[in-house]
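Chemist: This one is run.txt, compact mmCIF, C-alpha atoms and all ligand atoms.
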# COMPACT_ATOMS: atom_id res chain seq x y z
CA MET A 1 85.00 97.54 64.75
CA HIS A 2 84.32 99.47 61.55
CA SER A 3 83.38 103.13 61.60
CA GLU A 4 80.08 104.14 59.98
CA PRO A 5 80.46 103.50 56.24
CA SER A 6 80.01 106.29 53.78
CA ALA A 7 79.71 105.53 50.09
CA ASP A 8 82.12 107.06 47.58
CA PRO A 9 80.07 107.78 44.48
CA ILE A 10 80.54 105.12 41.83
CA ASP A 11 82.04 106.64 38.67
CA GLU A 12 80.68 105.88 35.22
CA LEU A 13 83.47 103.48 34.36
CA THR A 14 82.93 101.38 37.50
CA ALA A 15 79.18 101.33 36.87
CA ALA A 16 79.80 100.23 33.28
CA ASN A 17 82.19 97.51 34.48
CA ILE A 18 79.61 96.18 36.94
CA ALA A 19 76.99 96.13 34.19
CA ASP A 20 79.44 94.25 31.95
CA TRP A 21 80.35 91.71 34.62
CA VAL A 22 76.72 90.78 35.23
CA ASP A 23 75.70 90.88 31.58
CA GLY A 24 73.94 87.59 30.78
CA TYR A 25 73.39 86.94 34.51
CA THR A 26 70.48 89.33 34.99
CA MET A 27 67.32 90.28 33.10
CA LEU A 28 67.30 93.83 34.47
CA SER A 29 67.40 96.74 32.04
CA GLU A 30 70.42 99.03 32.22
CA ILE A 31 68.29 101.74 33.85
CA ALA A 32 66.80 99.33 36.39
CA LEU A 33 70.25 98.01 37.27
CA ALA A 34 71.63 101.52 37.78
CA PHE A 35 68.63 102.41 39.95
CA THR A 36 69.03 99.22 41.99
CA ILE A 37 72.71 99.96 42.60
CA GLU A 38 71.89 103.50 43.70
CA GLN A 39 69.22 102.23 46.11
CA THR A 40 71.53 99.51 47.43
CA LEU A 41 74.26 101.97 48.34
CA ALA A 42 71.82 104.35 49.99
CA ALA A 43 70.29 101.44 51.95
CA ALA A 44 73.67 100.09 53.08
CA GLU A 45 74.74 103.55 54.17
CA ARG A 46 71.49 104.11 56.05
CA HIS A 47 71.37 100.70 57.72
CA PRO A 48 74.89 99.22 57.64
CA GLY A 49 74.95 95.54 58.49
CA SER A 50 71.26 95.03 57.81
CA ALA A 51 70.61 92.60 54.99
CA ILE A 52 69.93 93.21 51.33
CA VAL A 53 67.53 90.45 50.31
CA GLU A 54 66.70 89.41 46.75
CA CYS A 55 63.78 86.98 46.33
CA GLY A 56 64.05 85.48 42.85
CA VAL A 57 67.64 85.70 41.64
CA TRP A 58 67.70 83.60 38.43
CA ARG A 59 71.44 83.54 37.51
CA GLY A 60 72.31 85.92 40.33
CA GLY A 61 73.43 88.93 38.28
CA CYS A 62 71.41 91.54 40.16
CA SER A 63 72.55 90.27 43.58
CA THR A 64 76.12 90.21 42.29
CA ALA A 65 75.82 93.83 41.15
CA MET A 66 74.55 94.78 44.61
CA LEU A 67 77.66 93.15 46.10
CA LEU A 68 80.11 94.63 43.60
CA ALA A 69 78.64 98.10 43.99
CA GLN A 70 79.17 97.96 47.75
CA ARG A 71 82.73 96.80 47.28
CA ALA A 72 83.37 99.68 44.87
CA ALA A 73 81.72 102.32 47.04
CA PHE A 74 82.71 101.24 50.57
CA GLY A 75 85.77 99.07 49.91
CA ARG A 76 83.89 96.10 51.37
CA VAL A 77 80.44 94.51 51.54
CA VAL A 78 78.71 96.48 54.30
CA SER A 79 75.32 94.78 54.07
CA PRO A 80 75.30 91.08 53.20
CA VAL A 81 73.22 89.99 50.23
CA TRP A 82 70.75 87.13 50.82
CA MET A 83 69.69 85.28 47.68
CA LEU A 84 66.44 83.26 47.84
CA ASP A 85 65.40 81.05 44.95
CA SER A 86 64.11 77.59 44.11
CA PHE A 87 67.05 77.30 41.67
CA GLU A 88 64.52 75.27 39.65
CA GLY A 89 62.68 78.13 37.95
CA LEU A 90 59.17 79.48 38.41
CA PRO A 91 56.24 77.53 39.83
CA PRO A 92 53.17 77.30 37.56
CA ALA A 93 51.34 80.58 37.01
CA ASP A 94 47.86 80.57 38.52
CA ASP A 95 44.60 82.47 37.89
CA PRO A 96 45.58 85.61 39.87
CA ASP A 97 48.68 85.94 37.68
CA GLY A 98 46.48 86.75 34.71
CA PRO A 99 46.19 85.41 31.16
CA LEU A 100 49.45 86.90 29.91
CA ALA A 101 51.44 85.04 32.58
CA LYS A 102 49.87 81.71 31.67
CA THR A 103 50.44 82.30 27.95
CA TRP A 104 54.07 83.31 28.57
CA GLN A 105 54.74 80.22 30.66
CA ALA A 106 53.13 77.87 28.13
CA ASP A 107 55.19 79.27 25.24
CA THR A 108 58.38 77.36 25.99
CA GLU A 109 59.87 78.15 22.57
CA SER A 110 59.75 81.93 23.01
CA PRO A 111 63.19 83.59 23.32
CA GLY A 112 61.87 85.41 26.42
CA HIS A 113 60.95 82.17 28.19
CA TYR A 114 64.46 81.58 29.55
CA ASP A 115 63.67 77.95 30.34
CA ASN A 116 61.00 79.13 32.80
CA CYS A 117 63.70 81.27 34.51
CA ALA A 118 65.56 78.20 35.76
CA ALA A 119 69.19 78.47 36.86
CA SER A 120 70.82 75.91 39.12
CA LEU A 121 72.47 76.60 42.46
CA ALA A 122 75.80 75.41 41.00
CA GLU A 123 75.49 77.86 38.11
CA VAL A 124 74.74 80.74 40.47
CA GLN A 125 77.57 79.77 42.81
CA ALA A 126 79.99 79.64 39.86
CA GLY A 127 78.89 83.15 38.84
CA LEU A 128 79.60 84.44 42.35
CA ASP A 129 82.92 82.60 42.58
CA ARG A 130 84.31 84.84 39.82
CA PHE A 131 84.55 87.65 42.37
CA GLY A 132 85.92 86.03 45.55
CA PHE A 133 83.42 87.42 48.03
CA LYS A 134 84.21 86.77 51.69
CA ASP A 135 82.31 84.35 53.94
CA GLY A 136 79.22 86.11 55.17
CA ASP A 137 79.03 88.58 52.26
CA VAL A 138 76.51 86.32 50.48
CA VAL A 139 73.92 83.93 51.89
CA LEU A 140 72.29 81.52 49.43
CA VAL A 141 68.88 80.20 50.47
CA PRO A 142 67.71 77.45 48.10
CA GLY A 143 64.09 76.26 48.10
CA TRP A 144 60.53 77.37 47.42
CA PHE A 145 59.65 80.63 49.17
CA SER A 146 56.78 78.89 50.95
CA GLU A 147 59.42 76.73 52.67
CA THR A 148 62.27 79.22 53.16
CA VAL A 149 60.80 82.63 53.88
CA SER A 150 59.68 82.12 57.50
CA GLU A 151 63.02 80.66 58.52
CA THR A 152 64.85 83.45 56.71
CA ALA A 153 62.65 86.00 58.47
CA ALA A 154 63.57 84.51 61.83
CA ARG A 155 67.27 84.64 60.96
CA LEU A 156 66.94 88.30 59.93
CA GLU A 157 64.81 89.42 62.84
CA GLU A 158 67.68 90.90 64.84
CA GLY A 159 69.63 92.69 62.10
CA GLY A 160 66.68 93.60 59.92
CA ILE A 161 66.52 94.26 56.20
CA ALA A 162 67.92 97.42 54.61
CA LEU A 163 66.57 96.64 51.14
CA LEU A 164 64.17 93.96 49.96
CA ARG A 165 64.07 93.18 46.24
CA LEU A 166 61.11 91.13 45.04
CA ASP A 167 61.55 89.43 41.67
CA GLY A 168 59.52 86.23 41.95
CA ASP A 169 57.06 87.24 39.22
CA TRP A 170 53.87 85.60 40.45
CA TYR A 171 51.10 86.43 42.91
CA GLU A 172 51.85 83.66 45.44
CA SER A 173 55.60 84.24 45.28
CA THR A 174 55.25 87.99 45.83
CA LYS A 175 52.63 87.54 48.54
CA THR A 176 54.75 85.04 50.51
CA CYS A 177 57.85 87.22 50.40
CA LEU A 178 56.02 90.42 51.29
CA ALA A 179 54.15 88.85 54.20
CA GLY A 180 57.23 87.15 55.60
CA LEU A 181 59.94 89.72 55.00
CA GLU A 182 58.45 93.22 54.66
CA PRO A 183 57.81 93.48 58.42
CA HIS A 184 61.60 93.14 58.91
CA VAL A 185 62.47 95.97 56.54
CA LYS A 186 63.84 98.87 58.57
CA ASN A 187 61.98 102.15 58.72
CA GLU A 188 63.28 104.23 55.77
CA GLY A 189 64.25 100.96 54.09
CA VAL A 190 63.26 100.17 50.53
CA VAL A 191 61.24 97.46 48.81
CA LEU A 192 61.94 97.11 45.08
CA ILE A 193 59.16 95.32 43.20
CA ASP A 194 60.45 94.21 39.83
CA ASP A 195 57.25 92.70 38.42
CA TYR A 196 54.71 95.30 39.49
CA TYR A 197 54.08 96.43 35.92
CA ALA A 198 54.95 93.16 34.21
CA TRP A 199 52.52 90.76 35.83
CA ASP A 200 48.97 91.21 37.18
CA GLY A 201 49.57 88.76 40.02
CA CYS A 202 52.48 90.76 41.42
CA ALA A 203 50.44 93.99 41.39
CA ARG A 204 47.53 92.12 43.03
CA ALA A 205 49.78 90.79 45.79
CA VAL A 206 51.21 94.26 46.53
CA HIS A 207 47.81 95.97 46.66
CA GLU A 208 46.38 93.19 48.79
CA TYR A 209 49.29 93.30 51.25
CA LEU A 210 49.08 97.08 51.70
CA ALA A 211 45.30 97.02 52.11
CA THR A 212 45.23 94.04 54.49
CA ASN A 213 47.86 95.59 56.71
CA ASP A 214 46.42 99.11 56.52
CA LEU A 215 49.69 100.51 55.19
CA ALA A 216 49.82 103.92 53.53
CA TYR A 217 53.10 103.34 51.71
CA ARG A 218 53.21 105.04 48.31
CA ILE A 219 54.00 102.92 45.27
CA ARG A 220 56.62 104.71 43.18
CA SER A 221 57.68 103.93 39.64
CA MET A 222 61.22 103.10 38.63
CA PRO A 223 62.59 105.58 36.06
CA ASP A 224 61.83 103.35 33.04
CA PHE A 225 58.67 101.79 34.52
CA SER A 226 60.49 98.46 34.58
CA GLY A 227 59.33 98.06 38.15
CA ALA A 228 58.02 99.86 41.22
CA TYR A 229 59.31 100.53 44.70
CA ILE A 230 58.24 101.54 48.16
CA GLU A 231 60.13 103.69 50.63
CA LYS A 232 59.02 102.36 53.97
CA ARG A 233 57.69 105.10 56.23
CA ALA A 234 55.00 104.42 58.80
CA ALA A 235 53.42 107.83 58.23
CA ARG A 236 54.03 111.05 56.36
CA THR A 237 55.30 113.50 58.98
CA ASP A 238 57.43 115.97 57.03
CA PRO A 239 55.33 118.45 55.04
CA ASP A 240 58.30 119.16 52.75
CA ARG A 241 58.90 115.54 51.82
CA VAL A 242 56.68 113.41 49.63
C1 LIG A 301 62.54 86.68 36.65
S1 LIG A 301 63.52 85.58 37.55
C2 LIG A 301 64.54 86.62 38.53
C3 LIG A 301 65.45 87.52 37.75
C4 LIG A 301 66.67 88.00 38.47
N1 LIG A 301 66.39 88.74 39.67
C5 LIG A 301 67.56 88.81 37.59
O1 LIG A 301 68.39 89.57 38.09
O2 LIG A 301 67.49 88.67 36.37
C6 LIG A 301 62.41 84.92 38.72
C7 LIG A 301 63.04 83.99 39.72
O3 LIG A 301 62.14 83.76 40.79
C8 LIG A 301 62.26 82.43 41.23
N2 LIG A 301 60.99 82.10 41.92
C9 LIG A 301 59.74 82.52 41.59
N3 LIG A 301 58.83 82.05 42.44
C10 LIG A 301 59.51 81.32 43.36
C11 LIG A 301 59.11 80.61 44.52
N4 LIG A 301 57.82 80.53 44.89
N5 LIG A 301 60.07 80.01 45.27
C12 LIG A 301 61.38 80.10 44.90
N6 LIG A 301 61.81 80.75 43.79
C13 LIG A 301 60.89 81.37 43.04
C14 LIG A 301 62.55 81.64 39.98
O4 LIG A 301 63.22 80.44 40.24
C15 LIG A 301 63.42 82.62 39.16
O5 LIG A 301 64.79 82.40 39.36
Mind converting the file's structure to structure tokens?
Modeler:
Amino acid sequence: MHSEPSADPIDELTAANIADWVDGYTMLSEIALAFTIEQTLAAAERHPGSAIVECGVWRGGCSTAMLLAQRAAFGRVVSPVWMLDSFEGLPPADDPDGPLAKTWQADTESPGHYDNCAASLAEVQAGLDRFGFKDGDVVLVPGWFSETVSETAARLEEGGIALLRLDGDWYESTKTCLAGLEPHVKNEGVVLIDDYYAWDGCARAVHEYLATNDLAYRIRSMPDFSGAYIEKRAARTDPDRV
């Protein structure tokens, strides 16, 4: 049995090393990566053993940073990181994703196209293998969200989710992951929404989910507006806390 984990703060050098190790494996900005690490450690401390789930991992750099940060702060991976992806890139953008999404996807020559965000399972596994994580620290879930999310939700029902990170870009992808996984996020858990500002479809899916389920969660902006997040609280009960 382990005692309750408490995170040692990560010093600047360790944070810089993590950012270096995942350079080229993630599209996150430096600020977004630092924020994600901070949220990961707080989530793992709050709900040790509950999963950290990233939906849309591309080359796996952000998930890897969430693992490395735990190792640096706790001496081990306290909350396993689940990585869901098609490992074939994005599905086609659809009308709710907006005109910019369709134009971006059609422009295959643009440097920001990243081959439609495709990275293979073997490539992601090789990236993880650099760090020798233990069995159970990482769970790879290949396949389209529409085919993997319900089974993943069932597997996570008991332990719950400490932090859910949504980075599937499009309306349908975000909607599927929110509907299937958000109910398993622990109270006081966090949902990071990478594409809230980037793509209309993601914002649509978030607003729709909150409205349909009558949820009063506040949508907060990441420090550099590179994404949004929700701190899950059923109701505001503390007058001194917003
Ligand atoms: C922008 S990339 C993710 C970036 C990554 N989190 C990072 O750290 O840079 C979007 C990812 O979502 C995945 N994706 C989007 N929609 C999906 C779906 N419906 N099913 C499975 N994977 C999906 C794509 O394969 C791609 O790897």
Chemist: Figure out the distance between CA of Ile31 in chain A and CA of Pro223 in chain A, please, to one decimal in Å.
Modeler: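 Interatomic distance, CA of Pro223 in chain A to CA of Ile31 in chain A: 7.2 Å.
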Chemist: With all atoms listed in the file as the atoms that count, which of A:Val139, A:Leu100, A:Cys177, A:Ile37 lies nearest to ligand LIG 301 (chain A)?
Modeler: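 Among A:Val139, A:Leu100, A:Cys177, A:Ile37, it is A:Cys177 that comes nearest to ligand LIG 301 (chain A).
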Chemist: Determine, for each residue of chain A having at least one atom at most 7 Å from an atom of ligand LIG 301 (chain A), the closest pair of atoms and their separation in Å to one decimal, counting all atoms listed in the file; order by chain and ascending number, as a tab-separated table.
Modeler:
residue	atom	partner	partner_atom	distance
A:Tyr25	CA	A:LIG301	O2	6.4
A:Thr26	CA	A:LIG301	O2	3.4
A:Met27	CA	A:LIG301	O2	3.6
A:Leu28	CA	A:LIG301	O2	5.5
A:Cys55	CA	A:LIG301	O3	6.6
A:Gly56	CA	A:LIG301	O3	3.3
A:Val57	CA	A:LIG301	N1	3.8
A:Trp58	CA	A:LIG301	O5	3.3
A:Arg59	CA	A:LIG301	C5	6.5
A:Gly60	CA	A:LIG301	O1	5.8
A:Gly61	CA	A:LIG301	O1	5.1
A:Cys62	CA	A:LIG301	O1	4.2
A:Ser63	CA	A:LIG301	O1	6.9
A:Leu84	CA	A:LIG301	N6	6.6
A:Asp85	CA	A:LIG301	N6	3.8
A:Ser86	CA	A:LIG301	C12	3.8
A:Phe87	CA	A:LIG301	O4	5.2
A:Glu88	CA	A:LIG301	O4	5.4
A:Gly89	CA	A:LIG301	O4	3.3
A:Leu90	CA	A:LIG301	C14	4.3
A:Pro91	CA	A:LIG301	N3	5.8
A:Cys117	CA	A:LIG301	C15	4.9
A:Ala118	CA	A:LIG301	O4	5.5
A:Ala119	CA	A:LIG301	O5	6.4
A:Gly143	CA	A:LIG301	C12	5.7
A:Trp144	CA	A:LIG301	N5	3.4
A:Phe145	CA	A:LIG301	N5	4.0
A:Ser146	CA	A:LIG301	N4	6.4
A:Asp167	CA	A:LIG301	C2	5.2
A:Gly168	CA	A:LIG301	C9	3.7
A:Asp169	CA	A:LIG301	C6	5.9
A:Trp170	CA	A:LIG301	N3	6.4
A:Glu172	CA	A:LIG301	N4	6.8
A:Ser173	CA	A:LIG301	N4	4.3
Chemist: Calculated over all atoms listed in the file, which of the candidates A:Leu178, A:Asn116, A:Val78, A:Lys134 has the smallest distance to His47 in chain A?
Modeler: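 Once distances to His47 in chain A are computed over all atoms listed in the file, the minimum belongs to A:Val78.
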Chemist: Listing only residues of range 76-115 of chain A within 10 Å of range 150-166 of chain A, what is the closest atom pair and its distance in Å (to one decimal) for each, using only C-alpha atoms, sorted by chain and residue number ascending, as CSV?
Modeler:
residue,atom,partner,partner_atom,distance
A:Ser79,CA,A:Ala162,CA,7.9
A:Pro80,CA,A:Ile161,CA,9.8
A:Val81,CA,A:Leu163,CA,9.4
A:Trp82,CA,A:Thr152,CA,9.1
A:Met83,CA,A:Arg165,CA,9.8
A:Leu84,CA,A:Thr152,CA,9.0
Chemist: Using all atoms listed in the file, find the one residue out of A:Thr36, A:Asn213, A:Pro92, A:Ala15 that sits nearest to Trp104 in chain A.
Modeler: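 Using all atoms listed in the file, the shortest distance to Trp104 in chain A belongs to A:Pro92.
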Chemist: Distance cut-off 8 Å, centre (74.0, 98.0, 32.1) in file coordinates, counting only C-alpha atoms: which residues qualify? Return them as a ChimeraX atom specification.
Modeler: /A:15-16,18-20,23,29-31,33-34
Chemist: Can you tell me, as JSON, numbers by chain, which residues sit within 10 Å of (75.4, 104.2, 50.8) in the file's frame, using only C-alpha atoms?
Modeler: {"A": [5, 6, 7, 8, 9, 37, 38, 39, 40, 41, 42, 43, 44, 45, 46, 47, 48, 69, 70, 73, 74, 78, 79]}
Chemist: In terms of the shortest atom-to-atom distance over all atoms listed in the file, which of A:Val77, A:Val190, A:Ile10, A:Ala205 is closest to Pro96 in chain A?
Modeler: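 Once distances to Pro96 in chain A are computed over all atoms listed in the file, the minimum belongs to A:Ala205.
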Chemist: Using Å and a single decimal, report how far CA of Asp97 in chain A sits from CA of Leu215 in chain A.
Modeler: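 These two atoms are separated by 22.8 Å.
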Chemist: Would you please work out which residue, of A:Tyr196, A:Val53, A:Glu4, A:Cys202, is nearest to His184 in chain A when using only C-alpha atoms?
Modeler: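 The answer is A:Val53, which sits nearest to His184 in chain A.
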Chemist: Just checking: using only C-alpha atoms, which residue out of A:Thr64, A:Arg233, A:Met222, A:Glu54 ends up closest to Asp129 in chain A?
Modeler: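 Among the listed residues, the smallest separation from Asp129 in chain A belongs to A:Thr64.
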Chemist: Just the number, please: distance in Å from CA of Pro239 in chain A to CA of Lys186 in chain A, one decimal.
Modeler: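 Here the two named atoms are 21.6 Å from each other.
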Chemist: Can you patch up range 24-59 of chain A, filling it in to N, CA and C atoms, and show the result as an mmCIF file, in the coordinates of the input?
Modeler:
data_model
loop_
_atom_site.group_PDB
_atom_site.id
_atom_site.type_symbol
_atom_site.label_atom_id
_atom_site.label_comp_id
_atom_site.auth_asym_id
_atom_site.auth_seq_id
_atom_site.Cartn_x
_atom_site.Cartn_y
_atom_site.Cartn_z
ATOM 1 N N GLY A 24 74.265 89.004 30.997
ATOM 2 C CA GLY A 24 73.940 87.590 30.780
ATOM 3 C C GLY A 24 73.545 86.872 32.072
ATOM 4 N N TYR A 25 73.741 87.546 33.218
ATOM 5 C CA TYR A 25 73.390 86.940 34.510
ATOM 6 C C TYR A 25 72.167 87.612 35.135
ATOM 7 N N THR A 26 71.676 88.660 34.489
ATOM 8 C CA THR A 26 70.480 89.330 34.990
ATOM 9 C C THR A 26 69.584 89.750 33.833
ATOM 10 N N MET A 27 68.281 89.830 34.110
ATOM 11 C CA MET A 27 67.320 90.280 33.100
ATOM 12 C C MET A 27 67.021 91.765 33.251
ATOM 13 N N LEU A 28 67.631 92.424 34.236
ATOM 14 C CA LEU A 28 67.300 93.830 34.470
ATOM 15 C C LEU A 28 67.762 94.713 33.318
ATOM 16 N N SER A 29 66.975 95.755 33.036
ATOM 17 C CA SER A 29 67.400 96.740 32.040
ATOM 18 C C SER A 29 68.563 97.535 32.642
ATOM 19 N N GLU A 30 69.286 98.212 31.759
ATOM 20 C CA GLU A 30 70.420 99.030 32.220
ATOM 21 C C GLU A 30 69.955 100.076 33.247
ATOM 22 N N ILE A 31 68.805 100.684 32.952
ATOM 23 C CA ILE A 31 68.290 101.740 33.850
ATOM 24 C C ILE A 31 67.893 101.130 35.189
ATOM 25 N N ALA A 32 67.233 99.979 35.139
ATOM 26 C CA ALA A 32 66.800 99.330 36.390
ATOM 27 C C ALA A 32 68.014 98.900 37.213
ATOM 28 N N LEU A 33 69.050 98.432 36.547
ATOM 29 C CA LEU A 33 70.250 98.010 37.270
ATOM 30 C C LEU A 33 70.916 99.213 37.943
ATOM 31 N N ALA A 34 71.023 100.312 37.213
ATOM 32 C CA ALA A 34 71.630 101.520 37.780
ATOM 33 C C ALA A 34 70.816 102.009 38.977
ATOM 34 N N PHE A 35 69.500 101.965 38.853
ATOM 35 C CA PHE A 35 68.630 102.410 39.950
ATOM 36 C C PHE A 35 68.790 101.491 41.169
ATOM 37 N N THR A 36 68.889 100.196 40.899
ATOM 38 C CA THR A 36 69.030 99.220 41.990
ATOM 39 C C THR A 36 70.356 99.432 42.734
ATOM 40 N N ILE A 37 71.398 99.707 41.984
ATOM 41 C CA ILE A 37 72.710 99.960 42.600
ATOM 42 C C ILE A 37 72.642 101.213 43.486
ATOM 43 N N GLU A 38 72.030 102.246 42.939
ATOM 44 C CA GLU A 38 71.890 103.500 43.700
ATOM 45 C C GLU A 38 71.133 103.253 45.012
ATOM 46 N N GLN A 39 70.041 102.518 44.924
ATOM 47 C CA GLN A 39 69.220 102.230 46.110
ATOM 48 C C GLN A 39 69.975 101.336 47.096
ATOM 49 N N THR A 40 70.761 100.414 46.570
ATOM 50 C CA THR A 40 71.530 99.510 47.430
ATOM 51 C C THR A 40 72.539 100.295 48.260
ATOM 52 N N LEU A 41 73.237 101.205 47.621
ATOM 53 C CA LEU A 41 74.260 101.970 48.340
ATOM 54 C C LEU A 41 73.624 102.875 49.388
ATOM 55 N N ALA A 42 72.514 103.487 49.021
ATOM 56 C CA ALA A 42 71.820 104.350 49.990
ATOM 57 C C ALA A 42 71.328 103.506 51.172
ATOM 58 N N ALA A 43 70.821 102.312 50.881
ATOM 59 C CA ALA A 43 70.290 101.440 51.950
ATOM 60 C C ALA A 43 71.418 100.971 52.861
ATOM 61 N N ALA A 44 72.546 100.593 52.268
ATOM 62 C CA ALA A 44 73.670 100.090 53.080
ATOM 63 C C ALA A 44 74.267 101.209 53.924
ATOM 64 N N GLU A 45 74.228 102.410 53.412
ATOM 65 C CA GLU A 45 74.740 103.550 54.170
ATOM 66 C C GLU A 45 73.790 103.881 55.332
ATOM 67 N N ARG A 46 72.512 103.773 55.056
ATOM 68 C CA ARG A 46 71.490 104.110 56.050
ATOM 69 C C ARG A 46 71.418 103.052 57.152
ATOM 70 N N HIS A 47 71.516 101.800 56.760
ATOM 71 C CA HIS A 47 71.370 100.700 57.720
ATOM 72 C C HIS A 47 72.522 99.700 57.565
ATOM 73 N N PRO A 48 73.757 100.120 57.856
ATOM 74 C CA PRO A 48 74.890 99.220 57.640
ATOM 75 C C PRO A 48 74.748 97.934 58.434
ATOM 76 N N GLY A 49 75.037 96.835 57.789
ATOM 77 C CA GLY A 49 74.950 95.540 58.490
ATOM 78 C C GLY A 49 73.612 94.871 58.315
ATOM 79 N N SER A 50 72.563 95.651 58.085
ATOM 80 C CA SER A 50 71.260 95.030 57.810
ATOM 81 C C SER A 50 71.315 94.411 56.420
ATOM 82 N N ALA A 51 70.492 93.401 56.223
ATOM 83 C CA ALA A 51 70.610 92.600 54.990
ATOM 84 C C ALA A 51 69.999 93.296 53.776
ATOM 85 N N ILE A 52 70.560 92.938 52.631
ATOM 86 C CA ILE A 52 69.930 93.210 51.330
ATOM 87 C C ILE A 52 69.400 91.846 50.913
ATOM 88 N N VAL A 53 68.117 91.755 50.619
ATOM 89 C CA VAL A 53 67.530 90.450 50.310
ATOM 90 C C VAL A 53 66.926 90.477 48.909
ATOM 91 N N GLU A 54 67.343 89.539 48.068
ATOM 92 C CA GLU A 54 66.700 89.410 46.750
ATOM 93 C C GLU A 54 65.935 88.087 46.700
ATOM 94 N N CYS A 55 64.627 88.172 46.448
ATOM 95 C CA CYS A 55 63.780 86.980 46.330
ATOM 96 C C CYS A 55 63.522 86.758 44.843
ATOM 97 N N GLY A 56 64.143 85.732 44.294
ATOM 98 C CA GLY A 56 64.050 85.480 42.850
ATOM 99 C C GLY A 56 65.300 86.026 42.192
ATOM 100 N N VAL A 57 66.329 85.177 42.077
ATOM 101 C CA VAL A 57 67.640 85.700 41.640
ATOM 102 C C VAL A 57 68.036 85.227 40.244
ATOM 103 N N TRP A 58 67.333 84.189 39.726
ATOM 104 C CA TRP A 58 67.700 83.600 38.430
ATOM 105 C C TRP A 58 69.196 83.268 38.426
ATOM 106 N N ARG A 59 70.004 83.878 37.539
ATOM 107 C CA ARG A 59 71.440 83.540 37.510
ATOM 108 C C ARG A 59 72.271 84.367 38.492
#
